[in-house]
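Asker: Dropping in coords-v6.cif, with mmCIF, N, CA and C atoms.
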data_coords
loop_
_atom_site.label_atom_id
_atom_site.label_comp_id
_atom_site.auth_asym_id
_atom_site.auth_seq_id
_atom_site.Cartn_x
_atom_site.Cartn_y
_atom_site.Cartn_z
N MET A 4 77.73 11.52 115.38
CA MET A 4 77.91 10.94 114.06
C MET A 4 78.39 12.03 113.10
N THR A 5 79.46 11.73 112.41
CA THR A 5 79.98 12.64 111.39
C THR A 5 79.12 12.53 110.14
N MET A 6 78.61 13.65 109.68
CA MET A 6 77.82 13.64 108.45
C MET A 6 78.73 13.93 107.27
N VAL A 7 78.54 13.18 106.21
CA VAL A 7 79.35 13.32 105.00
C VAL A 7 78.45 13.43 103.80
N ARG A 8 79.02 13.86 102.69
CA ARG A 8 78.31 13.86 101.41
C ARG A 8 78.68 12.56 100.71
N ILE A 9 77.68 11.86 100.20
CA ILE A 9 77.92 10.60 99.50
C ILE A 9 77.41 10.74 98.08
N ASP A 10 78.30 10.50 97.13
CA ASP A 10 77.99 10.64 95.71
C ASP A 10 78.52 9.44 94.93
N PRO A 11 77.96 9.22 93.74
CA PRO A 11 78.54 8.19 92.87
C PRO A 11 80.00 8.52 92.53
N LEU A 12 80.80 7.50 92.32
CA LEU A 12 82.19 7.68 91.93
C LEU A 12 82.27 8.59 90.71
N ARG A 13 83.23 9.51 90.74
CA ARG A 13 83.44 10.43 89.61
C ARG A 13 84.94 10.58 89.38
N GLY A 14 85.27 11.13 88.26
CA GLY A 14 86.67 11.27 87.88
C GLY A 14 87.51 12.00 88.90
N ALA A 15 86.95 13.03 89.53
CA ALA A 15 87.69 13.81 90.51
C ALA A 15 88.07 13.00 91.74
N ASP A 16 87.39 11.88 91.98
CA ASP A 16 87.67 11.03 93.14
C ASP A 16 88.72 9.96 92.87
N ALA A 17 88.94 9.62 91.63
CA ALA A 17 89.70 8.41 91.28
C ALA A 17 91.09 8.35 91.90
N ASP A 18 91.87 9.40 91.78
CA ASP A 18 93.25 9.35 92.28
C ASP A 18 93.28 9.23 93.80
N VAL A 19 92.42 9.98 94.49
CA VAL A 19 92.39 9.94 95.96
C VAL A 19 91.93 8.57 96.44
N VAL A 20 90.89 8.02 95.82
CA VAL A 20 90.38 6.70 96.21
C VAL A 20 91.44 5.63 95.96
N ALA A 21 92.13 5.70 94.85
CA ALA A 21 93.18 4.71 94.55
C ALA A 21 94.29 4.75 95.59
N ARG A 22 94.76 5.94 95.93
CA ARG A 22 95.82 6.05 96.93
C ARG A 22 95.33 5.60 98.31
N LEU A 23 94.09 5.94 98.63
CA LEU A 23 93.51 5.52 99.90
C LEU A 23 93.42 3.99 99.95
N GLN A 24 92.99 3.37 98.85
CA GLN A 24 92.91 1.92 98.82
C GLN A 24 94.28 1.29 99.01
N ASP A 25 95.29 1.81 98.34
CA ASP A 25 96.63 1.26 98.48
C ASP A 25 97.10 1.37 99.94
N ASP A 26 96.90 2.54 100.54
CA ASP A 26 97.32 2.73 101.94
C ASP A 26 96.56 1.80 102.88
N LEU A 27 95.25 1.69 102.68
CA LEU A 27 94.45 0.84 103.56
C LEU A 27 94.78 -0.63 103.39
N TRP A 28 95.04 -1.05 102.16
CA TRP A 28 95.43 -2.45 101.92
C TRP A 28 96.70 -2.77 102.71
N ARG A 29 97.68 -1.90 102.58
CA ARG A 29 98.96 -2.16 103.24
C ARG A 29 98.81 -2.16 104.77
N ALA A 30 98.03 -1.23 105.29
CA ALA A 30 97.84 -1.16 106.74
C ALA A 30 96.99 -2.31 107.26
N THR A 31 95.92 -2.63 106.56
CA THR A 31 94.97 -3.63 107.03
C THR A 31 95.47 -5.06 106.86
N TYR A 32 96.10 -5.35 105.74
CA TYR A 32 96.44 -6.73 105.43
C TYR A 32 97.88 -7.10 105.76
N SER A 33 98.64 -6.16 106.32
CA SER A 33 99.99 -6.48 106.77
C SER A 33 99.88 -7.55 107.86
N GLY A 34 100.60 -8.64 107.67
CA GLY A 34 100.53 -9.74 108.62
C GLY A 34 99.47 -10.77 108.26
N LEU A 35 98.53 -10.40 107.40
CA LEU A 35 97.50 -11.33 106.95
C LEU A 35 97.82 -11.89 105.58
N LEU A 36 98.46 -11.07 104.76
CA LEU A 36 98.86 -11.49 103.41
C LEU A 36 100.38 -11.50 103.35
N PRO A 37 100.95 -12.32 102.50
CA PRO A 37 102.41 -12.32 102.35
C PRO A 37 102.91 -10.93 101.93
N SER A 38 104.06 -10.56 102.43
CA SER A 38 104.65 -9.25 102.11
C SER A 38 104.78 -9.04 100.61
N ARG A 39 105.11 -10.11 99.88
CA ARG A 39 105.30 -9.98 98.43
C ARG A 39 104.02 -9.53 97.74
N VAL A 40 102.86 -9.90 98.30
CA VAL A 40 101.58 -9.48 97.71
C VAL A 40 101.39 -7.99 97.92
N LEU A 41 101.61 -7.52 99.14
CA LEU A 41 101.44 -6.10 99.43
C LEU A 41 102.50 -5.26 98.74
N ASP A 42 103.75 -5.74 98.75
CA ASP A 42 104.84 -5.00 98.10
C ASP A 42 104.66 -4.98 96.59
N GLY A 43 103.97 -5.99 96.06
CA GLY A 43 103.78 -6.10 94.61
C GLY A 43 102.65 -5.25 94.07
N ARG A 44 101.89 -4.61 94.96
CA ARG A 44 100.81 -3.74 94.46
C ARG A 44 101.42 -2.60 93.65
N ASP A 45 100.85 -2.35 92.50
CA ASP A 45 101.32 -1.29 91.62
C ASP A 45 100.39 -0.09 91.79
N ASP A 46 100.87 0.91 92.52
CA ASP A 46 100.04 2.08 92.81
C ASP A 46 99.59 2.79 91.54
N ALA A 47 100.48 2.94 90.57
CA ALA A 47 100.12 3.62 89.33
C ALA A 47 99.05 2.84 88.57
N ASP A 48 99.17 1.52 88.57
CA ASP A 48 98.17 0.67 87.91
C ASP A 48 96.82 0.81 88.61
N ASN A 49 96.83 0.89 89.94
CA ASN A 49 95.59 1.05 90.69
C ASN A 49 94.93 2.39 90.38
N VAL A 50 95.71 3.45 90.26
CA VAL A 50 95.16 4.76 89.88
C VAL A 50 94.50 4.65 88.51
N ALA A 51 95.17 4.01 87.57
CA ALA A 51 94.60 3.85 86.22
C ALA A 51 93.28 3.08 86.26
N ARG A 52 93.22 2.00 87.08
CA ARG A 52 91.97 1.23 87.20
C ARG A 52 90.84 2.08 87.77
N TRP A 53 91.15 2.87 88.82
CA TRP A 53 90.10 3.72 89.40
C TRP A 53 89.67 4.81 88.44
N ARG A 54 90.58 5.31 87.63
CA ARG A 54 90.19 6.31 86.61
C ARG A 54 89.25 5.67 85.59
N GLU A 55 89.54 4.44 85.17
CA GLU A 55 88.66 3.72 84.24
C GLU A 55 87.29 3.50 84.86
N ARG A 56 87.26 3.09 86.12
CA ARG A 56 85.98 2.88 86.81
C ARG A 56 85.17 4.17 86.88
N ALA A 57 85.88 5.27 87.16
CA ALA A 57 85.19 6.56 87.27
C ALA A 57 84.57 6.96 85.93
N VAL A 58 85.30 6.77 84.85
CA VAL A 58 84.75 7.08 83.52
C VAL A 58 83.52 6.23 83.25
N ALA A 59 83.62 4.93 83.56
CA ALA A 59 82.48 4.04 83.35
C ALA A 59 81.28 4.47 84.19
N HIS A 60 81.52 4.87 85.43
CA HIS A 60 80.43 5.35 86.29
C HIS A 60 79.77 6.60 85.71
N GLU A 61 80.60 7.49 85.22
CA GLU A 61 80.06 8.74 84.66
C GLU A 61 79.27 8.47 83.39
N GLU A 62 79.68 7.45 82.63
CA GLU A 62 79.00 7.14 81.37
C GLU A 62 77.82 6.19 81.54
N ALA A 63 77.96 5.18 82.42
CA ALA A 63 76.94 4.14 82.50
C ALA A 63 76.35 3.94 83.90
N GLY A 64 76.89 4.62 84.91
CA GLY A 64 76.37 4.48 86.26
C GLY A 64 76.95 3.30 87.03
N CYS A 65 77.88 2.56 86.40
CA CYS A 65 78.53 1.43 87.08
C CYS A 65 79.81 1.09 86.33
N SER A 66 80.62 0.24 86.96
CA SER A 66 81.87 -0.18 86.32
C SER A 66 81.59 -1.19 85.22
N ALA A 67 82.61 -1.51 84.46
CA ALA A 67 82.47 -2.51 83.40
C ALA A 67 82.04 -3.86 83.96
N GLU A 68 82.41 -4.15 85.22
CA GLU A 68 82.02 -5.41 85.87
C GLU A 68 80.62 -5.36 86.47
N GLY A 69 80.00 -4.19 86.42
CA GLY A 69 78.65 -4.05 86.96
C GLY A 69 78.58 -3.53 88.38
N ALA A 70 79.72 -3.09 88.94
CA ALA A 70 79.73 -2.58 90.31
C ALA A 70 79.29 -1.12 90.33
N ARG A 71 78.54 -0.79 91.36
CA ARG A 71 78.11 0.59 91.62
C ARG A 71 78.86 1.06 92.86
N THR A 72 79.62 2.15 92.73
CA THR A 72 80.45 2.65 93.83
C THR A 72 79.97 4.02 94.27
N LEU A 73 79.77 4.15 95.57
CA LEU A 73 79.43 5.44 96.17
C LEU A 73 80.59 5.87 97.05
N VAL A 74 80.93 7.16 96.98
CA VAL A 74 82.09 7.71 97.67
C VAL A 74 81.64 8.70 98.74
N ALA A 75 82.20 8.56 99.95
CA ALA A 75 81.95 9.51 101.04
C ALA A 75 82.99 10.61 100.98
N HIS A 76 82.52 11.85 101.12
CA HIS A 76 83.41 13.01 101.10
C HIS A 76 83.30 13.75 102.43
N ASP A 77 84.44 14.21 102.93
CA ASP A 77 84.42 14.99 104.17
C ASP A 77 83.94 16.41 103.91
N GLU A 78 83.99 17.24 104.95
CA GLU A 78 83.48 18.61 104.85
C GLU A 78 84.25 19.46 103.84
N ASP A 79 85.47 19.03 103.50
CA ASP A 79 86.26 19.74 102.49
C ASP A 79 86.09 19.17 101.09
N GLY A 80 85.24 18.15 100.96
CA GLY A 80 84.98 17.54 99.66
C GLY A 80 85.99 16.48 99.27
N VAL A 81 86.85 16.05 100.20
CA VAL A 81 87.87 15.04 99.91
C VAL A 81 87.29 13.65 100.15
N ALA A 82 87.55 12.74 99.23
CA ALA A 82 87.08 11.37 99.38
C ALA A 82 87.75 10.72 100.58
N ILE A 83 86.92 10.12 101.47
CA ILE A 83 87.45 9.49 102.67
C ILE A 83 87.08 8.01 102.77
N GLY A 84 86.27 7.54 101.83
CA GLY A 84 85.88 6.14 101.83
C GLY A 84 84.90 5.85 100.72
N TRP A 85 84.59 4.57 100.54
CA TRP A 85 83.65 4.19 99.51
C TRP A 85 83.07 2.82 99.81
N ALA A 86 81.95 2.56 99.16
CA ALA A 86 81.33 1.22 99.21
C ALA A 86 80.91 0.88 97.79
N SER A 87 81.09 -0.38 97.43
CA SER A 87 80.70 -0.85 96.09
C SER A 87 79.81 -2.07 96.22
N THR A 88 78.77 -2.11 95.42
CA THR A 88 77.92 -3.29 95.31
C THR A 88 77.86 -3.69 93.85
N GLY A 89 77.52 -4.93 93.62
CA GLY A 89 77.40 -5.41 92.26
C GLY A 89 76.68 -6.73 92.23
N PRO A 90 76.62 -7.32 91.06
CA PRO A 90 75.99 -8.63 90.96
C PRO A 90 76.79 -9.66 91.75
N PRO A 91 76.13 -10.65 92.31
CA PRO A 91 76.84 -11.69 93.07
C PRO A 91 77.87 -12.40 92.21
N ARG A 92 78.96 -12.79 92.85
CA ARG A 92 80.03 -13.47 92.13
C ARG A 92 80.08 -14.96 92.48
N ASP A 93 79.07 -15.44 93.20
CA ASP A 93 79.00 -16.86 93.57
C ASP A 93 77.88 -17.55 92.80
N ASP A 94 78.00 -18.86 92.67
CA ASP A 94 76.90 -19.65 92.13
C ASP A 94 75.80 -19.70 93.17
N ASN A 95 74.56 -19.67 92.75
CA ASN A 95 73.40 -19.75 93.65
C ASN A 95 73.46 -18.76 94.80
N PRO A 96 73.58 -17.47 94.51
CA PRO A 96 73.69 -16.48 95.58
C PRO A 96 72.36 -16.32 96.33
N PRO A 97 72.45 -15.92 97.59
CA PRO A 97 71.23 -15.73 98.37
C PRO A 97 70.50 -14.42 98.06
N THR A 98 71.12 -13.55 97.29
CA THR A 98 70.53 -12.26 96.97
C THR A 98 71.04 -11.81 95.61
N ASP A 99 70.40 -10.81 95.03
CA ASP A 99 70.82 -10.33 93.72
C ASP A 99 71.88 -9.23 93.79
N THR A 100 72.26 -8.84 95.00
CA THR A 100 73.26 -7.79 95.19
C THR A 100 74.30 -8.26 96.20
N GLU A 101 75.56 -8.02 95.88
CA GLU A 101 76.66 -8.38 96.78
C GLU A 101 77.43 -7.13 97.16
N LEU A 102 77.79 -7.03 98.42
CA LEU A 102 78.68 -5.96 98.85
C LEU A 102 80.08 -6.35 98.41
N TRP A 103 80.63 -5.61 97.46
CA TRP A 103 81.95 -5.93 96.93
C TRP A 103 83.06 -5.33 97.78
N SER A 104 82.82 -4.12 98.29
CA SER A 104 83.87 -3.49 99.10
C SER A 104 83.29 -2.39 99.97
N LEU A 105 83.95 -2.17 101.09
CA LEU A 105 83.64 -1.07 102.00
C LEU A 105 84.97 -0.66 102.61
N TYR A 106 85.42 0.53 102.28
CA TYR A 106 86.70 1.04 102.78
C TYR A 106 86.46 2.43 103.37
N LEU A 107 87.17 2.72 104.45
CA LEU A 107 87.05 4.02 105.10
C LEU A 107 88.40 4.38 105.70
N ALA A 108 88.82 5.63 105.48
CA ALA A 108 90.08 6.11 106.07
C ALA A 108 90.03 5.86 107.57
N SER A 109 91.13 5.35 108.12
CA SER A 109 91.14 4.94 109.52
C SER A 109 90.81 6.06 110.49
N ARG A 110 91.11 7.30 110.16
CA ARG A 110 90.80 8.40 111.07
C ARG A 110 89.29 8.62 111.21
N HIS A 111 88.50 7.97 110.34
CA HIS A 111 87.04 8.10 110.41
C HIS A 111 86.37 6.85 110.97
N HIS A 112 87.15 5.86 111.39
CA HIS A 112 86.57 4.66 112.01
C HIS A 112 85.83 5.08 113.27
N GLY A 113 84.66 4.51 113.47
CA GLY A 113 83.85 4.82 114.65
C GLY A 113 83.06 6.11 114.57
N SER A 114 83.09 6.76 113.42
CA SER A 114 82.42 8.06 113.27
C SER A 114 81.00 7.96 112.73
N GLY A 115 80.60 6.75 112.29
CA GLY A 115 79.28 6.58 111.69
C GLY A 115 79.29 6.68 110.17
N VAL A 116 80.43 7.00 109.58
CA VAL A 116 80.51 7.15 108.13
C VAL A 116 80.28 5.82 107.42
N ALA A 117 80.83 4.73 107.95
CA ALA A 117 80.63 3.42 107.32
C ALA A 117 79.14 3.07 107.31
N GLU A 118 78.45 3.37 108.38
CA GLU A 118 77.01 3.10 108.43
C GLU A 118 76.27 3.93 107.38
N GLN A 119 76.67 5.18 107.20
CA GLN A 119 76.04 6.02 106.18
C GLN A 119 76.30 5.46 104.78
N LEU A 120 77.52 4.98 104.55
CA LEU A 120 77.83 4.37 103.25
C LEU A 120 76.98 3.12 103.02
N MET A 121 76.86 2.29 104.05
CA MET A 121 76.05 1.07 103.92
C MET A 121 74.59 1.42 103.63
N GLU A 122 74.07 2.40 104.33
CA GLU A 122 72.68 2.81 104.12
C GLU A 122 72.49 3.31 102.68
N ALA A 123 73.47 4.03 102.18
CA ALA A 123 73.36 4.59 100.82
C ALA A 123 73.49 3.52 99.75
N VAL A 124 74.39 2.58 99.94
CA VAL A 124 74.68 1.59 98.90
C VAL A 124 73.72 0.40 98.96
N LEU A 125 73.19 0.09 100.15
CA LEU A 125 72.26 -1.03 100.32
C LEU A 125 71.03 -0.58 101.12
N PRO A 126 70.30 0.42 100.66
CA PRO A 126 69.21 0.95 101.48
C PRO A 126 68.12 -0.05 101.83
N SER A 127 67.81 -0.98 100.95
CA SER A 127 66.73 -1.92 101.23
C SER A 127 67.19 -3.07 102.12
N ARG A 128 68.48 -3.21 102.35
CA ARG A 128 68.99 -4.33 103.14
C ARG A 128 69.49 -3.90 104.51
N HIS A 129 69.55 -2.65 104.77
CA HIS A 129 70.07 -2.14 106.03
C HIS A 129 68.90 -1.78 106.93
N PRO A 130 68.91 -2.06 108.20
CA PRO A 130 70.06 -2.42 109.01
C PRO A 130 70.23 -3.91 109.24
N ARG A 131 69.40 -4.76 108.67
CA ARG A 131 69.51 -6.20 108.93
C ARG A 131 70.33 -6.87 107.83
N LEU A 132 71.62 -6.73 107.92
CA LEU A 132 72.51 -7.41 106.99
C LEU A 132 72.91 -8.73 107.61
N GLY A 133 72.72 -9.79 106.87
CA GLY A 133 73.09 -11.10 107.39
C GLY A 133 73.76 -11.91 106.32
N ALA A 134 74.28 -13.04 106.72
CA ALA A 134 74.99 -13.90 105.78
C ALA A 134 74.08 -14.35 104.65
N ASP A 135 72.77 -14.41 104.92
CA ASP A 135 71.87 -14.85 103.86
C ASP A 135 71.47 -13.70 102.94
N GLU A 136 71.88 -12.48 103.25
CA GLU A 136 71.52 -11.34 102.42
C GLU A 136 72.71 -10.77 101.65
N VAL A 137 73.85 -10.71 102.28
CA VAL A 137 75.04 -10.12 101.66
C VAL A 137 76.22 -11.04 101.92
N ARG A 138 76.96 -11.37 100.87
CA ARG A 138 78.14 -12.20 101.01
C ARG A 138 79.33 -11.33 101.41
N MET A 139 80.01 -11.70 102.45
CA MET A 139 81.21 -11.00 102.86
C MET A 139 82.31 -12.03 103.01
N VAL A 140 83.52 -11.63 102.71
CA VAL A 140 84.67 -12.53 102.78
C VAL A 140 85.50 -12.15 103.99
N ARG A 141 85.90 -13.14 104.77
CA ARG A 141 86.79 -12.92 105.91
C ARG A 141 88.15 -13.47 105.55
N LEU A 142 89.14 -12.61 105.65
CA LEU A 142 90.50 -13.05 105.36
C LEU A 142 91.09 -13.75 106.56
N ARG A 143 91.83 -14.79 106.32
CA ARG A 143 92.52 -15.50 107.38
C ARG A 143 94.02 -15.22 107.27
N PRO A 144 94.72 -15.28 108.38
CA PRO A 144 96.16 -15.03 108.32
C PRO A 144 96.86 -15.96 107.33
N ALA A 145 97.82 -15.39 106.61
CA ALA A 145 98.61 -16.18 105.65
C ALA A 145 99.51 -17.13 106.39
N GLY A 146 99.82 -18.22 105.73
CA GLY A 146 100.83 -19.07 106.32
C GLY A 146 100.34 -20.38 106.62
#
Now, as a test, write the supplied structure out as structure tokens.
Answerer:
Amino acid sequence: MTMVRIDPLRGADADVVARLQDDLWRATYSGLLPSRVLDGRDDADNVARWRERAVAHEEAGCSAEGARTLVAHDEDGVAIGWASTGPPRDDNPPTDTELWSLYLASRHHGSGVAEQLMEAVLPSRHPRLGADEVRMVRLRPAG
């Protein structure tokens, strides 16, 4: 298992996380989402959003939407993934916390880093995560 440092989102992470998200979206959702959706992503706009989130985290401990984001850093201190939780976005949720996102650079898949992120972001719910505890969305192929 690769051990990483996990910290709350900070300004120094914003640009790297934004670029990583853009790259992962394009790699992961190619063939699942229409090309126009992936091609229409505005990388500069995404960097600006992550910078805003980082400022909010540094000031209030969460984003303006109420999400708490933890970032995994490799041995060189570079952001390699993140997990975000926040208030549920559904009516009548089964829990008071929803996993909003979990992203990890593909070169770290299978290394145990995602498990470490999950443990850090949802310590009271891990390792028994189920549909009745955390809402997750499954994307279906477009078309």
Asker: If we count all atoms listed in the file, what is near Ala51 of chain A at a cut-off of 8 Å, once residues fewer than 6 positions away on the same chain are taken out, given as a PDB file with N, CA and C atoms, in the coordinates of the input?
Answerer:
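In the end it all went to around24.pdb:
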ATOM      1  N   ALA A  17      88.940   9.620  91.630  1.00  0.00           N
ATOM      2  CA  ALA A  17      89.700   8.410  91.280  1.00  0.00           C
ATOM      3  C   ALA A  17      91.090   8.350  91.900  1.00  0.00           C
ATOM      4  N   ASP A  18      91.870   9.400  91.780  1.00  0.00           N
ATOM      5  CA  ASP A  18      93.250   9.350  92.280  1.00  0.00           C
ATOM      6  C   ASP A  18      93.280   9.230  93.800  1.00  0.00           C
ATOM      7  N   ALA A  21      92.130   5.700  94.850  1.00  0.00           N
ATOM      8  CA  ALA A  21      93.180   4.710  94.550  1.00  0.00           C
ATOM      9  C   ALA A  21      94.290   4.750  95.590  1.00  0.00           C
ATOM     10  N   ASP A  45     100.850  -2.350  92.500  1.00  0.00           N
ATOM     11  CA  ASP A  45     101.320  -1.290  91.620  1.00  0.00           C
ATOM     12  C   ASP A  45     100.390  -0.090  91.790  1.00  0.00           C
ATOM     13  N   ALA A  57      85.880   5.270  87.160  1.00  0.00           N
ATOM     14  CA  ALA A  57      85.190   6.560  87.270  1.00  0.00           C
ATOM     15  C   ALA A  57      84.570   6.960  85.930  1.00  0.00           C
TER      16      ALA A  57
END
Asker: Measuring between only C-alpha atoms, which one of A:Pro97, A:Ala86, A:Val58, A:Pro91 shows the shortest distance to Val124 of chain A?
Answerer: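 Of all the options, A:Ala86 lies closest to Val124 of chain A.
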Asker: Need the shell around segment 109-121 of chain A: protein/DNA/RNA residues with any atom at most 12 Å away, counting only C-alpha atoms. Skip same-chain ones fewer than 3 positions apart. Format as an NGL selection string?
Answerer: :A and (4-11 or 23-24 or 26-28 or 30-31 or 72-77 or 82-88 or 101-106 or 124-132 or 137)
Asker: I want to know what sits within 12 Å of Glu55 of chain A, based on only C-alpha atoms, with residues of the same chain fewer than 2 positions away left out; could you give that as an MDAnalysis selection string?
Answerer: chainID A and resid 12:18 21 48:53 57:63 65:68
Asker: What gap, in Å, lies between atom CA of Val40 of chain A and atom CA of Val20 of chain A?
Answerer: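 Computing it gives 19.7 Å between the two atoms.
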Asker: Between atom CA of Leu107 of chain A and atom CA of Val81 of chain A, what is the spacing in Å?
Answerer: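 Value for the atom CA of Val81 of chain A-atom CA of Leu107 of chain A distance: 12.2 Å.
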Asker: Go ahead and compute the interatomic distance for atom C of Asp25 of chain A and atom C of Ala47 of chain A, in Å to one decimal.
Answerer: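 Those two atoms sit 11.6 Å apart.
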Asker: Run DSSP on the backbone and grab whatever in chain A lands in helix (DSSP H, G or I); send it over as JSON, numbers by chain.
Answerer: {"A": [14, 15, 16, 17, 18, 19, 20, 21, 22, 23, 24, 25, 26, 27, 28, 29, 30, 31, 32, 38, 39, 40, 41, 42, 46, 47, 48, 49, 50, 51, 52, 53, 54, 55, 56, 57, 58, 59, 60, 61, 62, 63, 109, 110, 111, 116, 117, 118, 119, 120, 121, 122, 123, 124]}
Asker: Pick out each residue of segment 21-98 of chain A that DSSP on the backbone tags as strand (DSSP E or B); I need them as a list in words.
Answerer: Ser33, Leu36, Arg71, Thr72, Leu73, Val74, Ala75, His76, Ala82, Ile83, Gly84, Trp85, Ala86, Ser87, Thr88 and Gly89 of chain A
Asker: Could you give me, as a PyMOL selection string, the residues within 12 Å of Arg29 of chain A, counting only C-alpha atoms and dropping anything in the same chain fewer than 4 positions from it?
Answerer: chain A and resi 22-25+33-46
